[in-house]
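Reading through the structure tokens given below for one structure.
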Amino acid sequence: YIIKPQGDLLDFDISLRKTYIKTFSPYVKGIFSNISGIASGEFKLEGELKSPVLTGEAHIQKAGFTVDYLNTSYSFSSDLELTEDEILFNDVTVYDIKGNKAVANGKIAHDHLSDFYFDININANKVQMLNTTAADNELYYGVGYGTGNVSISGYLDFIKMDIAMRTDKGTFINIPLDNPEEVSQSNFITFIKRDTVNVSVDEEISDLSGIELNMDFDVTTDAGVKLIFDDKIGDVIEGRGSGTLTMKVNDADGFLMFGNYYIEAGQYNFTLQNIISKPFSIQKGGIISWTGDPYNADIDITANYS
């Protein structure tokens with residue numbers, strides 16, 4: 001370390017031998033958690049103290065992490081190349097908690113080890129893409145498996161994720177349409193008379209600052225969907241079907257949903273004032289449509305009660 005009046009200079013050879021990756025977890029706090037694994041490698045640290053240059057090659061073993069917003073965990077082992085302003089990786093096999101595989105390519109750009117920018121592309125095959133509960137995300141939650149492509153880009157303080165997936169077996173998504181003010185009421189369900197009833201919803205949603213999600217789903221009959229009118233009294237529509245759904249999540253617009261879901265089979269448990277509870281079978285051909293507001297879906301179904 002050469003001390004100069006202007007521009008102190010660094011000149012280090014660094015050798016890592018099974019160093020814990022968790023040491024670097026503060027750099028990705030808020031996006032990734034549960035960082036684990038070990039790293040080995042040979043590096044060169046040069047340049048000025050205020051603008052260091054780190055180059056070399058690293059070997060990552062048994063690395064693991066959790067994507068906070070999706071609550072999904074992954075593991076991998078890989079070689080990384082560090083250039084003056086990028087961390088590069090190619091054809092990295094990533095495993096989910098079930099052992100399903102995805103292949104990741106991309107880079108993490110930086111300005112002298114600051115202002116990290118992610119540019120990652122993932123090609124997934126039946127990989128877990130969602131693993132949340134209502135406590136994690138009140139907009140939508142459940143377990144999702146998909147085949148398709150995921151693109152992750154942006155700085156740590158604003159990450160953008162573009163997801164294009166086909167749903168696979170094991171997927172079950174819950175979409176709450178209820179409102180805390182409507183507990184124990186189902187008076188917006190009308191039989192015979194074709195009235196339209198508007199349900200006003202004003203809920204506090206999760207903090208969406210720092211993340212933008214654009215999700216296009218080719219929904220197949222492998223995926224189950226539950227529309228929850230009132231979870232307290234079990235007033236729900238549950239079914240399987242197909243369709244194309246687009247979901248957008250960002251700080252400016254909140255949660256938006258578009259597309260049509262065509263019901264193949266399902267059940268509707270009609271409840272009223274905690275007194276009446278009748279199970280209905282939904283006929284094939286019903287349609288649920290969204291044009292933006294997830295709480296204002298158009299539902300056109302026919303159900304039978306035996």
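By order in the structure tokens, chains are A, B, ...; within a chain, residues start at 1; ligands start at 1, following the order shown.
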**Item:** Shell around Tyr305 (chain A) at 10 Å using only C-alpha atoms, local window under 6 positions removed, as a PyMOL selection string
**Value:** chain A and resi 268+278-282
Export, as an mmCIF file, in the first residue's frame, the selected residues with all heavy atoms.
```cif
data_model
loop_
_atom_site.group_PDB
_atom_site.id
_atom_site.type_symbol
_atom_site.label_atom_id
_atom_site.label_comp_id
_atom_site.auth_asym_id
_atom_site.auth_seq_id
_atom_site.Cartn_x
_atom_site.Cartn_y
_atom_site.Cartn_z
ATOM 1 N N TYR A 268 -67.195 -24.149 -5.726
ATOM 2 C CA TYR A 268 -67.469 -22.882 -5.054
ATOM 3 C C TYR A 268 -68.199 -23.182 -3.760
ATOM 4 O O TYR A 268 -69.287 -23.758 -3.767
ATOM 5 C CB TYR A 268 -68.312 -21.959 -5.944
ATOM 6 C CG TYR A 268 -68.783 -20.713 -5.231
ATOM 7 C CD1 TYR A 268 -67.928 -19.984 -4.407
ATOM 8 C CD2 TYR A 268 -70.085 -20.259 -5.382
ATOM 9 C CE1 TYR A 268 -68.347 -18.849 -3.753
ATOM 10 C CE2 TYR A 268 -70.525 -19.115 -4.724
ATOM 11 C CZ TYR A 268 -69.653 -18.413 -3.919
ATOM 12 O OH TYR A 268 -70.078 -17.288 -3.263
ATOM 13 N N LYS A 278 -72.925 -24.027 1.429
ATOM 14 C CA LYS A 278 -73.334 -24.963 0.396
ATOM 15 C C LYS A 278 -72.230 -25.129 -0.640
ATOM 16 O O LYS A 278 -71.762 -24.156 -1.222
ATOM 17 C CB LYS A 278 -74.598 -24.448 -0.308
ATOM 18 C CG LYS A 278 -75.798 -24.270 0.627
ATOM 19 C CD LYS A 278 -76.302 -25.597 1.161
ATOM 20 C CE LYS A 278 -77.543 -25.395 2.031
ATOM 21 N NZ LYS A 278 -78.010 -26.687 2.608
ATOM 22 N N PRO A 279 -71.814 -26.376 -0.893
ATOM 23 C CA PRO A 279 -70.789 -26.609 -1.918
ATOM 24 C C PRO A 279 -71.418 -26.720 -3.313
ATOM 25 O O PRO A 279 -72.366 -27.478 -3.529
ATOM 26 C CB PRO A 279 -70.164 -27.941 -1.491
ATOM 27 C CG PRO A 279 -71.274 -28.664 -0.779
ATOM 28 C CD PRO A 279 -72.121 -27.609 -0.126
ATOM 29 N N PHE A 280 -70.903 -25.951 -4.261
ATOM 30 C CA PHE A 280 -71.342 -25.990 -5.645
ATOM 31 C C PHE A 280 -70.226 -26.529 -6.527
ATOM 32 O O PHE A 280 -69.043 -26.245 -6.291
ATOM 33 C CB PHE A 280 -71.709 -24.586 -6.134
ATOM 34 C CG PHE A 280 -73.024 -24.081 -5.620
ATOM 35 C CD1 PHE A 280 -73.152 -23.633 -4.317
ATOM 36 C CD2 PHE A 280 -74.136 -24.042 -6.450
ATOM 37 C CE1 PHE A 280 -74.351 -23.149 -3.842
ATOM 38 C CE2 PHE A 280 -75.347 -23.561 -5.977
ATOM 39 C CZ PHE A 280 -75.460 -23.113 -4.677
ATOM 40 N N SER A 281 -70.588 -27.272 -7.577
ATOM 41 C CA SER A 281 -69.633 -27.723 -8.583
ATOM 42 C C SER A 281 -69.704 -26.780 -9.773
ATOM 43 O O SER A 281 -70.780 -26.530 -10.315
ATOM 44 C CB SER A 281 -69.956 -29.151 -9.044
ATOM 45 O OG SER A 281 -69.824 -30.068 -7.973
ATOM 46 N N ILE A 282 -68.553 -26.254 -10.179
ATOM 47 C CA ILE A 282 -68.508 -25.300 -11.275
ATOM 48 C C ILE A 282 -68.408 -26.048 -12.595
ATOM 49 O O ILE A 282 -67.579 -26.940 -12.757
ATOM 50 C CB ILE A 282 -67.305 -24.350 -11.109
ATOM 51 C CG1 ILE A 282 -67.437 -23.568 -9.805
ATOM 52 C CG2 ILE A 282 -67.204 -23.395 -12.295
ATOM 53 C CD1 ILE A 282 -66.257 -22.684 -9.514
#
```
**Request:** Please provide as a ChimeraX atom specification all residues within 10 Å of Phe89 (chain A), with the sequence filter that same-chain residues fewer than 5 positions apart are discarded (counting only C-alpha atoms).
**Result:** /A:78-82,104-108,120
**Request:** Within region 22-165 of chain A, find each residue whose DSSP state, derived from the backbone, is strand (DSSP E), and express the selection as a ChimeraX atom specification.
**Result:** /A:32-48,51-67,72-82,86-96,101-109,117-132,141-155,158-165
For the residues in that selection, give me C-alpha atoms as a tab-separated table (two decimals), in the first residue's frame.
```
chain	number	residue	atom	x	y	z
A	32	PHE	CA	-31.33	-11.79	-1.25
A	33	SER	CA	-30.99	-13.42	2.17
A	34	ASN	CA	-29.79	-16.67	3.76
A	35	ILE	CA	-26.49	-16.38	1.88
A	36	SER	CA	-24.32	-19.48	2.33
A	37	GLY	CA	-21.44	-21.31	0.69
A	38	ILE	CA	-17.68	-20.95	0.38
A	39	ALA	CA	-15.38	-19.26	-2.14
A	40	SER	CA	-11.81	-19.91	-3.24
A	41	GLY	CA	-9.73	-18.01	-5.76
A	42	GLU	CA	-6.79	-15.87	-6.75
A	43	PHE	CA	-7.23	-12.10	-7.12
A	44	LYS	CA	-5.31	-8.93	-7.79
A	45	LEU	CA	-6.31	-5.69	-5.99
A	46	GLU	CA	-4.87	-2.56	-7.58
A	47	GLY	CA	-5.61	1.11	-8.15
A	48	GLU	CA	-6.40	4.01	-5.87
A	51	SER	CA	-11.43	3.54	-6.82
A	52	PRO	CA	-10.00	0.02	-6.38
A	53	VAL	CA	-9.71	-2.51	-9.19
A	54	LEU	CA	-10.29	-6.18	-8.31
A	55	THR	CA	-9.61	-8.85	-10.93
A	56	GLY	CA	-9.19	-12.62	-10.87
A	57	GLU	CA	-11.11	-15.89	-10.81
A	58	ALA	CA	-13.24	-17.40	-8.07
A	59	HIS	CA	-14.64	-20.88	-7.50
A	60	ILE	CA	-17.95	-20.91	-5.61
A	61	GLN	CA	-18.96	-24.13	-3.81
A	62	LYS	CA	-22.34	-25.08	-2.34
A	63	ALA	CA	-23.63	-21.53	-2.52
A	64	GLY	CA	-27.21	-20.87	-1.47
A	65	PHE	CA	-29.53	-17.87	-1.27
A	66	THR	CA	-33.19	-16.88	-0.93
A	67	VAL	CA	-34.99	-14.37	-3.17
A	72	THR	CA	-37.74	-19.15	-3.03
A	73	SER	CA	-34.36	-20.70	-2.23
A	74	TYR	CA	-31.70	-21.85	-4.68
A	75	SER	CA	-28.23	-23.39	-4.63
A	76	PHE	CA	-25.34	-23.62	-7.09
A	77	SER	CA	-21.62	-24.12	-7.60
A	78	SER	CA	-19.78	-22.12	-10.24
A	79	ASP	CA	-16.63	-20.41	-11.48
A	80	LEU	CA	-16.71	-16.60	-11.69
A	81	GLU	CA	-14.47	-14.27	-13.66
A	82	LEU	CA	-13.78	-10.83	-12.21
A	86	GLU	CA	-17.78	-6.85	-14.24
A	87	ILE	CA	-18.34	-10.22	-12.56
A	88	LEU	CA	-19.08	-12.75	-15.30
A	89	PHE	CA	-20.65	-16.22	-15.18
A	90	ASN	CA	-21.81	-18.62	-17.89
A	91	ASP	CA	-24.02	-21.72	-17.94
A	92	VAL	CA	-24.38	-21.94	-14.17
A	93	THR	CA	-26.72	-24.76	-13.09
A	94	VAL	CA	-29.01	-23.57	-10.31
A	95	TYR	CA	-31.15	-25.95	-8.21
A	96	ASP	CA	-34.35	-25.22	-6.30
A	101	LYS	CA	-32.72	-27.23	-12.51
A	102	ALA	CA	-32.29	-23.84	-14.15
A	103	VAL	CA	-29.37	-22.45	-16.15
A	104	ALA	CA	-28.17	-18.90	-15.47
A	105	ASN	CA	-26.01	-16.61	-17.58
A	106	GLY	CA	-25.09	-13.01	-17.08
A	107	LYS	CA	-22.97	-10.47	-15.32
A	108	ILE	CA	-22.89	-8.08	-12.40
A	109	ALA	CA	-21.42	-4.75	-13.46
A	117	TYR	CA	-25.88	-3.54	-11.58
A	118	PHE	CA	-27.41	-6.96	-12.26
A	119	ASP	CA	-27.97	-8.35	-15.76
A	120	ILE	CA	-28.94	-12.00	-15.36
A	121	ASN	CA	-30.91	-14.38	-17.58
A	122	ILE	CA	-32.28	-17.67	-16.25
A	123	ASN	CA	-33.76	-20.51	-18.29
A	124	ALA	CA	-35.83	-22.66	-15.93
A	125	ASN	CA	-37.31	-26.15	-16.25
A	126	LYS	CA	-40.11	-26.92	-13.76
A	127	VAL	CA	-38.37	-24.76	-11.14
A	128	GLN	CA	-40.05	-23.32	-8.04
A	129	MET	CA	-40.80	-19.65	-8.76
A	130	LEU	CA	-42.99	-18.77	-5.78
A	131	ASN	CA	-43.22	-19.98	-2.19
A	132	THR	CA	-45.16	-17.45	-0.13
A	141	TYR	CA	-49.46	-16.02	-2.56
A	142	GLY	CA	-48.94	-19.73	-2.92
A	143	VAL	CA	-46.50	-22.19	-4.46
A	144	GLY	CA	-45.59	-21.95	-8.11
A	145	TYR	CA	-43.49	-24.09	-10.47
A	146	GLY	CA	-42.72	-23.00	-13.98
A	147	THR	CA	-40.83	-23.57	-17.19
A	148	GLY	CA	-39.59	-20.55	-19.08
A	149	ASN	CA	-37.37	-17.52	-18.83
A	150	VAL	CA	-36.54	-15.04	-16.05
A	151	SER	CA	-34.63	-11.82	-16.60
A	152	ILE	CA	-33.22	-9.87	-13.64
A	153	SER	CA	-31.79	-6.40	-14.18
A	154	GLY	CA	-31.14	-3.20	-12.30
A	155	TYR	CA	-29.30	-1.77	-9.32
A	158	PHE	CA	-34.31	-0.99	-7.82
A	159	ILE	CA	-34.46	-4.51	-9.24
A	160	LYS	CA	-36.60	-5.36	-12.28
A	161	MET	CA	-37.72	-8.93	-12.90
A	162	ASP	CA	-39.33	-10.02	-16.19
A	163	ILE	CA	-40.85	-13.50	-15.95
A	164	ALA	CA	-42.34	-15.50	-18.84
A	165	MET	CA	-43.46	-18.91	-17.62
```
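Reported to one decimal place, the separation of CA of Ile301 (chain A) from CA of Phe255 (chain A) is 24.5 Å.
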**Message:** Nearest residue to Gly224 (chain A) out of A:Ile173, A:Ala252, A:Leu245, A:Ile211, using only C-alpha atoms?
**Reply:** A:Ile173
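From CA of Tyr69 (chain A) back to CA of Gly254 (chain A), the distance works out to 14.4 Å.
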